[in-house]
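Enquirer: Here you go, this is start.csv (CSV, C-alpha atoms).
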chain,number,residue,atom,x,y,z
A,55,LYS,CA,-80.4,57.7,89.9
A,56,PRO,CA,-84.1,56.9,89.8
A,57,LEU,CA,-84.2,58.0,86.2
A,58,GLU,CA,-81.2,55.8,85.4
A,59,GLY,CA,-82.9,52.8,87.0
A,60,MET,CA,-86.1,53.3,85.1
A,61,PHE,CA,-84.2,53.4,81.8
A,62,THR,CA,-82.3,50.2,82.8
A,63,MET,CA,-85.6,48.5,83.6
A,64,HIS,CA,-87.3,49.3,80.3
A,65,GLN,CA,-84.4,48.7,77.9
A,66,PRO,CA,-84.9,44.9,77.7
A,67,THR,CA,-88.6,45.3,77.0
A,68,TRP,CA,-87.9,47.7,74.2
A,69,THR,CA,-85.3,45.4,72.7
A,70,ARG,CA,-87.6,42.4,72.8
A,71,THR,CA,-90.4,44.4,71.2
A,72,VAL,CA,-88.1,45.3,68.3
A,73,VAL,CA,-87.0,41.7,67.8
A,74,LEU,CA,-90.6,40.5,67.9
A,75,LEU,CA,-91.8,42.9,65.3
A,76,THR,CA,-88.8,42.1,63.0
A,77,GLY,CA,-89.6,38.4,63.3
A,78,LEU,CA,-93.2,38.9,62.5
A,79,ALA,CA,-92.2,40.9,59.5
A,80,LEU,CA,-90.1,38.1,58.3
A,81,VAL,CA,-92.9,35.6,58.9
A,82,PHE,CA,-95.4,37.7,57.0
A,83,THR,CA,-92.9,38.3,54.2
A,84,GLY,CA,-92.4,34.5,53.7
A,85,CYS,CA,-96.2,33.9,53.6
A,86,LEU,CA,-96.8,36.4,50.8
A,87,PRO,CA,-97.7,34.7,47.4
A,88,PRO,CA,-95.3,35.3,44.5
A,89,ALA,CA,-95.9,38.2,42.2
A,90,PRO,CA,-98.2,37.2,39.3
A,91,THR,CA,-96.6,36.8,35.9
A,92,PRO,CA,-97.7,39.5,33.6
A,93,THR,CA,-100.0,38.3,30.9
A,94,PRO,CA,-98.4,38.9,27.5
A,95,THR,CA,-100.3,41.2,25.2
A,96,PRO,CA,-101.7,39.2,22.3
A,97,THR,CA,-100.4,40.2,18.9
A,98,PRO,CA,-103.3,41.6,16.9
A,99,THR,CA,-104.2,39.6,13.8
A,100,PRO,CA,-103.7,41.8,10.8
A,101,THR,CA,-106.7,42.4,8.8
A,102,PRO,CA,-106.3,40.9,5.3
A,103,LYS,CA,-106.3,43.5,2.5
A,104,GLN,CA,-109.0,43.0,0.0
A,105,LEU,CA,-108.3,43.3,-3.7
A,106,VAL,CA,-111.2,45.0,-5.4
A,107,VAL,CA,-111.2,44.5,-9.2
A,108,THR,CA,-113.4,46.8,-11.2
A,109,GLN,CA,-114.0,46.1,-14.9
A,110,LEU,CA,-113.1,49.2,-17.0
A,111,SER,CA,-113.8,47.8,-20.4
A,112,ASN,CA,-113.6,44.7,-22.6
A,113,HIS,CA,-112.6,43.8,-26.1
A,114,ARG,CA,-114.6,41.5,-28.3
A,115,THR,CA,-112.9,39.5,-31.0
A,116,GLY,CA,-116.2,38.8,-32.8
A,117,VAL,CA,-115.5,35.0,-32.4
A,118,ASP,CA,-117.4,33.0,-29.9
A,119,SER,CA,-114.5,30.7,-29.0
A,120,LYS,CA,-112.2,30.2,-26.0
A,121,ALA,CA,-109.4,29.9,-28.5
A,122,ALA,CA,-109.9,33.5,-29.6
A,123,GLN,CA,-108.0,34.7,-26.5
A,124,MET,CA,-105.5,32.1,-25.4
A,125,ASP,CA,-102.8,34.3,-23.7
A,126,ALA,CA,-101.8,37.9,-23.5
A,127,ALA,CA,-98.7,40.0,-22.7
A,128,PHE,CA,-98.7,43.8,-21.9
A,129,ASP,CA,-96.0,46.2,-22.7
A,130,PRO,CA,-96.2,49.2,-20.3
A,131,GLY,CA,-93.8,51.3,-22.4
A,132,SER,CA,-96.1,51.3,-25.5
A,133,SER,CA,-99.3,50.6,-23.6
A,134,ARG,CA,-99.9,47.7,-26.0
A,135,LEU,CA,-101.6,44.4,-25.2
A,136,PHE,CA,-100.6,41.4,-27.4
A,137,VAL,CA,-103.4,38.8,-27.4
A,138,VAL,CA,-103.1,35.3,-28.8
A,139,ASN,CA,-106.0,34.7,-31.1
A,140,ARG,CA,-105.6,31.0,-31.9
A,141,HIS,CA,-108.9,30.8,-33.6
A,142,LYS,CA,-107.7,33.1,-36.3
A,143,THR,CA,-104.0,32.1,-36.0
A,144,VAL,CA,-102.9,35.7,-35.4
A,145,ILE,CA,-101.7,38.0,-32.6
A,146,ASP,CA,-104.2,40.8,-32.0
A,147,VAL,CA,-102.5,44.1,-31.0
A,148,LEU,CA,-104.6,46.4,-28.7
A,149,ASP,CA,-103.9,50.0,-27.7
A,150,LEU,CA,-104.5,50.4,-24.0
A,151,SER,CA,-103.3,54.0,-23.6
A,152,ASN,CA,-106.9,54.6,-22.5
A,153,PRO,CA,-107.9,51.4,-20.6
A,154,SER,CA,-111.5,52.4,-20.7
A,155,GLN,CA,-111.5,52.4,-24.5
A,156,PRO,CA,-109.2,49.7,-25.9
A,157,LYS,CA,-108.6,49.9,-29.6
A,158,GLN,CA,-107.4,47.2,-31.9
A,159,MET,CA,-104.3,48.4,-33.8
A,160,GLY,CA,-103.8,45.4,-36.0
A,161,THR,CA,-102.7,41.8,-36.1
A,162,PHE,CA,-99.5,39.8,-36.6
A,163,GLY,CA,-99.7,36.7,-38.8
A,164,MET,CA,-97.9,33.5,-38.0
A,165,MET,CA,-96.4,32.9,-41.5
A,166,ASN,CA,-98.2,29.5,-41.8
A,167,LEU,CA,-95.9,28.0,-39.1
A,168,GLY,CA,-98.7,26.7,-36.9
A,169,ASN,CA,-101.0,27.7,-34.1
A,170,PRO,CA,-99.9,30.5,-31.7
A,171,GLU,CA,-100.1,29.4,-28.1
A,172,ALA,CA,-98.3,32.0,-25.9
A,173,VAL,CA,-96.7,35.4,-26.0
A,174,ALA,CA,-94.0,37.2,-24.0
A,175,VAL,CA,-92.6,40.8,-24.3
A,176,HIS,CA,-89.4,42.4,-23.2
A,177,GLY,CA,-88.1,45.8,-24.3
A,178,ASN,CA,-89.3,46.2,-27.8
A,179,VAL,CA,-89.4,42.5,-28.7
A,180,LEU,CA,-92.4,40.2,-28.8
A,181,ALA,CA,-91.8,36.4,-28.6
A,182,VAL,CA,-94.5,34.1,-29.8
A,183,ALA,CA,-94.6,30.3,-29.1
A,184,ILE,CA,-96.1,28.4,-32.1
A,185,ALA,CA,-97.2,24.8,-32.0
A,186,SER,CA,-97.3,22.6,-35.1
A,187,THR,CA,-100.8,22.0,-36.4
A,188,ARG,CA,-100.0,18.2,-36.0
A,189,ILE,CA,-99.1,18.8,-32.3
A,190,THR,CA,-96.3,16.3,-32.0
A,191,PRO,CA,-93.6,17.8,-34.2
A,192,ALA,CA,-91.2,20.4,-32.8
A,193,GLY,CA,-92.5,23.9,-32.2
A,194,THR,CA,-91.2,27.3,-33.1
A,195,VAL,CA,-90.6,30.6,-31.4
A,196,VAL,CA,-90.8,33.7,-33.6
A,197,PHE,CA,-89.5,37.1,-32.5
A,198,PHE,CA,-91.3,40.3,-33.8
A,199,ASP,CA,-90.8,43.9,-33.4
A,200,PHE,CA,-93.8,46.1,-32.5
A,201,GLN,CA,-94.6,46.8,-36.1
A,202,GLY,CA,-95.1,43.1,-36.8
A,203,ASN,CA,-91.9,42.4,-38.6
A,204,ALA,CA,-90.4,39.0,-38.0
A,205,LEU,CA,-86.8,39.3,-36.6
A,206,SER,CA,-85.9,35.7,-36.3
A,207,GLN,CA,-87.3,32.2,-35.5
A,208,LEU,CA,-86.0,29.2,-33.6
A,209,THR,CA,-87.0,25.6,-33.3
A,210,VAL,CA,-87.9,24.5,-29.7
A,211,GLY,CA,-89.5,21.4,-28.2
A,212,SER,CA,-92.8,19.8,-29.1
A,213,ASN,CA,-96.0,21.8,-28.5
A,214,PRO,CA,-94.7,24.9,-26.7
A,215,LYS,CA,-97.4,26.1,-24.3
A,216,MET,CA,-95.8,28.8,-22.1
A,217,ILE,CA,-93.1,31.4,-22.7
A,218,VAL,CA,-91.5,34.0,-20.5
A,219,PHE,CA,-88.5,36.3,-20.5
A,220,THR,CA,-86.3,36.4,-17.4
A,221,PRO,CA,-86.6,39.8,-15.7
A,222,ASP,CA,-83.3,41.0,-17.2
A,223,GLY,CA,-84.2,39.8,-20.7
A,224,LYS,CA,-81.1,37.7,-21.1
A,225,LYS,CA,-83.0,34.4,-21.3
A,226,LEU,CA,-86.2,33.2,-22.8
A,227,LEU,CA,-87.8,30.1,-21.2
A,228,VAL,CA,-90.2,27.9,-23.2
A,229,ALA,CA,-92.3,25.1,-21.6
A,230,ASN,CA,-92.9,22.4,-24.2
A,231,GLU,CA,-95.8,20.2,-23.4
A,232,GLY,CA,-94.9,17.3,-25.7
A,233,ALA,CA,-98.5,16.2,-26.1
A,234,PRO,CA,-99.3,12.9,-27.8
A,235,ASP,CA,-101.5,12.4,-30.8
A,236,SER,CA,-105.0,11.2,-30.3
A,237,LYS,CA,-104.1,7.5,-30.6
A,238,TYR,CA,-100.8,7.7,-28.7
A,239,ARG,CA,-98.9,6.6,-31.7
A,240,SER,CA,-96.5,9.4,-31.0
A,241,ASP,CA,-95.8,10.8,-27.6
A,242,PRO,CA,-92.9,13.3,-27.5
A,243,ASP,CA,-91.1,14.1,-24.2
A,244,GLY,CA,-92.1,17.2,-22.3
A,245,THR,CA,-89.1,19.6,-22.4
A,246,VAL,CA,-88.0,23.1,-21.5
A,247,SER,CA,-86.1,25.2,-24.1
A,248,ILE,CA,-83.8,27.9,-22.9
A,249,VAL,CA,-82.9,30.7,-25.4
A,250,ASP,CA,-79.8,32.8,-24.8
A,251,MET,CA,-80.8,36.3,-25.9
A,252,SER,CA,-77.2,37.7,-25.7
A,253,ALA,CA,-76.9,38.1,-29.5
A,254,GLY,CA,-80.1,40.1,-29.8
A,255,ALA,CA,-83.4,39.0,-31.3
A,256,THR,CA,-82.2,39.8,-34.9
A,257,ALA,CA,-79.2,37.5,-34.7
A,258,LEU,CA,-80.4,34.4,-32.9
A,259,THR,CA,-79.4,31.0,-34.3
A,260,ALA,CA,-80.0,27.3,-33.3
A,261,SER,CA,-76.8,27.4,-31.2
A,262,ASP,CA,-78.6,29.8,-28.8
A,263,VAL,CA,-81.2,27.2,-27.9
A,264,THR,CA,-80.7,24.5,-25.2
A,265,THR,CA,-83.6,22.1,-24.8
A,266,VAL,CA,-83.7,20.1,-21.6
A,267,THR,CA,-85.6,16.9,-21.3
A,268,LEU,CA,-87.5,15.9,-18.2
A,269,SER,CA,-86.7,12.1,-18.6
A,270,THR,CA,-84.1,12.3,-15.8
A,271,ALA,CA,-86.1,14.6,-13.4
A,272,PRO,CA,-85.9,13.4,-9.8
A,273,VAL,CA,-89.1,12.2,-8.2
A,274,GLN,CA,-89.7,12.5,-4.5
A,275,GLY,CA,-92.4,10.6,-2.6
A,276,THR,CA,-95.1,8.5,-4.2
A,277,LEU,CA,-95.8,9.1,-7.9
A,278,HIS,CA,-99.3,8.6,-9.1
A,279,ARG,CA,-99.6,8.5,-12.9
A,280,ALA,CA,-102.6,8.3,-15.2
A,281,ALA,CA,-100.6,7.8,-18.4
A,282,PRO,CA,-100.8,4.6,-20.4
A,283,ALA,CA,-98.4,1.8,-19.4
A,284,GLY,CA,-95.0,2.0,-20.9
A,285,THR,CA,-94.8,5.8,-21.1
A,286,THR,CA,-92.0,7.6,-19.3
A,287,LEU,CA,-92.3,10.5,-16.8
A,288,ALA,CA,-91.2,12.9,-19.4
A,289,GLN,CA,-93.9,11.7,-21.8
A,290,ASP,CA,-96.5,12.4,-19.1
Mind converting the file's structure to C-alpha cells?
Expert:
Amino acid sequence: KPLEGMFTMHQPTWTRTVVLLTGLALVFTGCLPPAPTPTPTPTPTPTPKQLVVTQLSNHRTGVDSKAAQMDAAFDPGSSRLFVVNRHKTVIDVLDLSNPSQPKQMGTFGMMNLGNPEAVAVHGNVLAVAIASTRITPAGTVVFFDFQGNALSQLTVGSNPKMIVFTPDGKKLLVANEGAPDSKYRSDPDGTVSIVDMSAGATALTASDVTTVTLSTAPVQGTLHRAAPAGTTLAQD
C-alpha cells in the first residue's frame, strides 16, 4: 500500500513534466529559421579556343598588283588551287600536294571573254565568272575541266563577282553586281543567276540559267541609300 500511494502521488508530476517538455520542443521548433536555399553552382565560362595560323609558304605571281590574286578555289581531290589572276586575265593553277612548296602547273586563258572575277570548283569541274571589260554588259560563266579545256559557257547578269556551287553540286549560284559605268549613264540591276547543273557541265544551255532581279526585294526598317537620286534598290 505505501508503494502504491507513492506511485499515485508522483504520476501527475511525471505527466506534467512530459507535457512541458513536449511544448517547449514545439516552441523551439517554431522559432528555428528556415533552412538556407542552396547556392547554385555557377556554370563555368568555357575558355574560347584560339585559332593559330602558321604560314607554310607563299606563291608569288611576279606582279605587284592586288588584281593578281582576286579569288581562289581549292580542290582537295587533286590538291590543286585555282587562283584568279585578273591582272593577266588568266587562272593560275597551283599544285599544293606539298603545301610547303606550292608549284605552278599552268594557266587557263579566258578566250577574250573579259576579266575573270571569281572561281568555284565541284567534282572535276571548275566554274569561272567573267565580267565584260566594259563592266555594264552581261557577264559569262565558263566551265573548264582540270586540263583547261572549256566545256561550256553561259550568259549571266552584269558584272558577276561571286560564284559558288551548292554542296551537292546540283546548282551554281552567281552574284552579279550590276555596277554602273563611271558616269552613271548605264546602271544595270544587281541580280543573282541560278544555274541548274543537272545536264552536266558539257551540256548546259541558256535554258538552264534563271536570273533573278532584286528590284522587288522586300525592305525591312529604315533604308539609307548613297546612290544617286532616281536609281532603284536593285541598281544600288
Enquirer: Please list as number ranges by chain every residue within 12 Å of Ala253 in chain A, counting all atoms listed in the file and excluding residues in the same chain fewer than 2 positions away.
Expert: A: 206, 223-225, 249-251, 255-263
Enquirer: Save out the residues we just selected, C-alpha atoms, as an mmCIF file, keeping the file's coordinate frame.
Expert:
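File produced: part15.cif:
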data_model
loop_
_atom_site.group_PDB
_atom_site.id
_atom_site.type_symbol
_atom_site.label_atom_id
_atom_site.label_comp_id
_atom_site.auth_asym_id
_atom_site.auth_seq_id
_atom_site.Cartn_x
_atom_site.Cartn_y
_atom_site.Cartn_z
ATOM 1 C CA SER A 206 -85.900 35.700 -36.300
ATOM 2 C CA GLY A 223 -84.200 39.800 -20.700
ATOM 3 C CA LYS A 224 -81.100 37.700 -21.100
ATOM 4 C CA LYS A 225 -83.000 34.400 -21.300
ATOM 5 C CA VAL A 249 -82.900 30.700 -25.400
ATOM 6 C CA ASP A 250 -79.800 32.800 -24.800
ATOM 7 C CA MET A 251 -80.800 36.300 -25.900
ATOM 8 C CA ALA A 255 -83.400 39.000 -31.300
ATOM 9 C CA THR A 256 -82.200 39.800 -34.900
ATOM 10 C CA ALA A 257 -79.200 37.500 -34.700
ATOM 11 C CA LEU A 258 -80.400 34.400 -32.900
ATOM 12 C CA THR A 259 -79.400 31.000 -34.300
ATOM 13 C CA ALA A 260 -80.000 27.300 -33.300
ATOM 14 C CA SER A 261 -76.800 27.400 -31.200
ATOM 15 C CA ASP A 262 -78.600 29.800 -28.800
ATOM 16 C CA VAL A 263 -81.200 27.200 -27.900
#
Enquirer: At a cut-off of 10 Å around the point (-100.5, 14.9, -27.3) (file coordinates), what residues fall inside when counting all atoms listed in the file? I'd like the answer as a count of residues only.
Expert: 20
Enquirer: To one decimal place in Å, what is the distance between CA of His141 in chain A and CA of His113 in chain A?
Expert: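 For CA of His141 in chain A relative to CA of His113 in chain A, the distance reads 15.5 Å.
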Enquirer: Rounded to one decimal place, report the CA of Met159 in chain A-CA of Val147 in chain A distance in Å.
Expert: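 Answer for the CA of Met159 in chain A to CA of Val147 in chain A separation: 5.4 Å.
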Enquirer: Find the distance between CA of Ser133 in chain A and CA of Asp149 in chain A and write it in Å to one decimal.
Expert: 6.2 Å
Enquirer: Which residues of range 151-254 of chain A come within 8 Å of range 127-130 of chain A, and for each one, what is the closest pair of atoms and their distance in Å to one decimal, counting only C-alpha atoms, sorted by chain and residue number, as a tab-separated table?
Expert:
residue	atom	partner	partner_atom	distance
A:Val173	CA	A:Ala127	CA	6.0
A:Ala174	CA	A:Ala127	CA	5.6
A:Val175	CA	A:Ala127	CA	6.4
A:His176	CA	A:Asp129	CA	7.6
Enquirer: Considering all atoms listed in the file, can you say which of A:Asn203, A:Leu148, A:Thr143, A:Ile184 comes closest to Ala122 in chain A?
Expert: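 With all atoms listed in the file as the atom set, the closest residue is A:Thr143.
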Enquirer: Measuring atom to atom with only C-alpha atoms, identify which of A:Pro153, A:Gly202, A:Gly163, A:Pro191 is nearest to Gln109 in chain A.
Expert: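 The answer is A:Pro153, which sits nearest to Gln109 in chain A.
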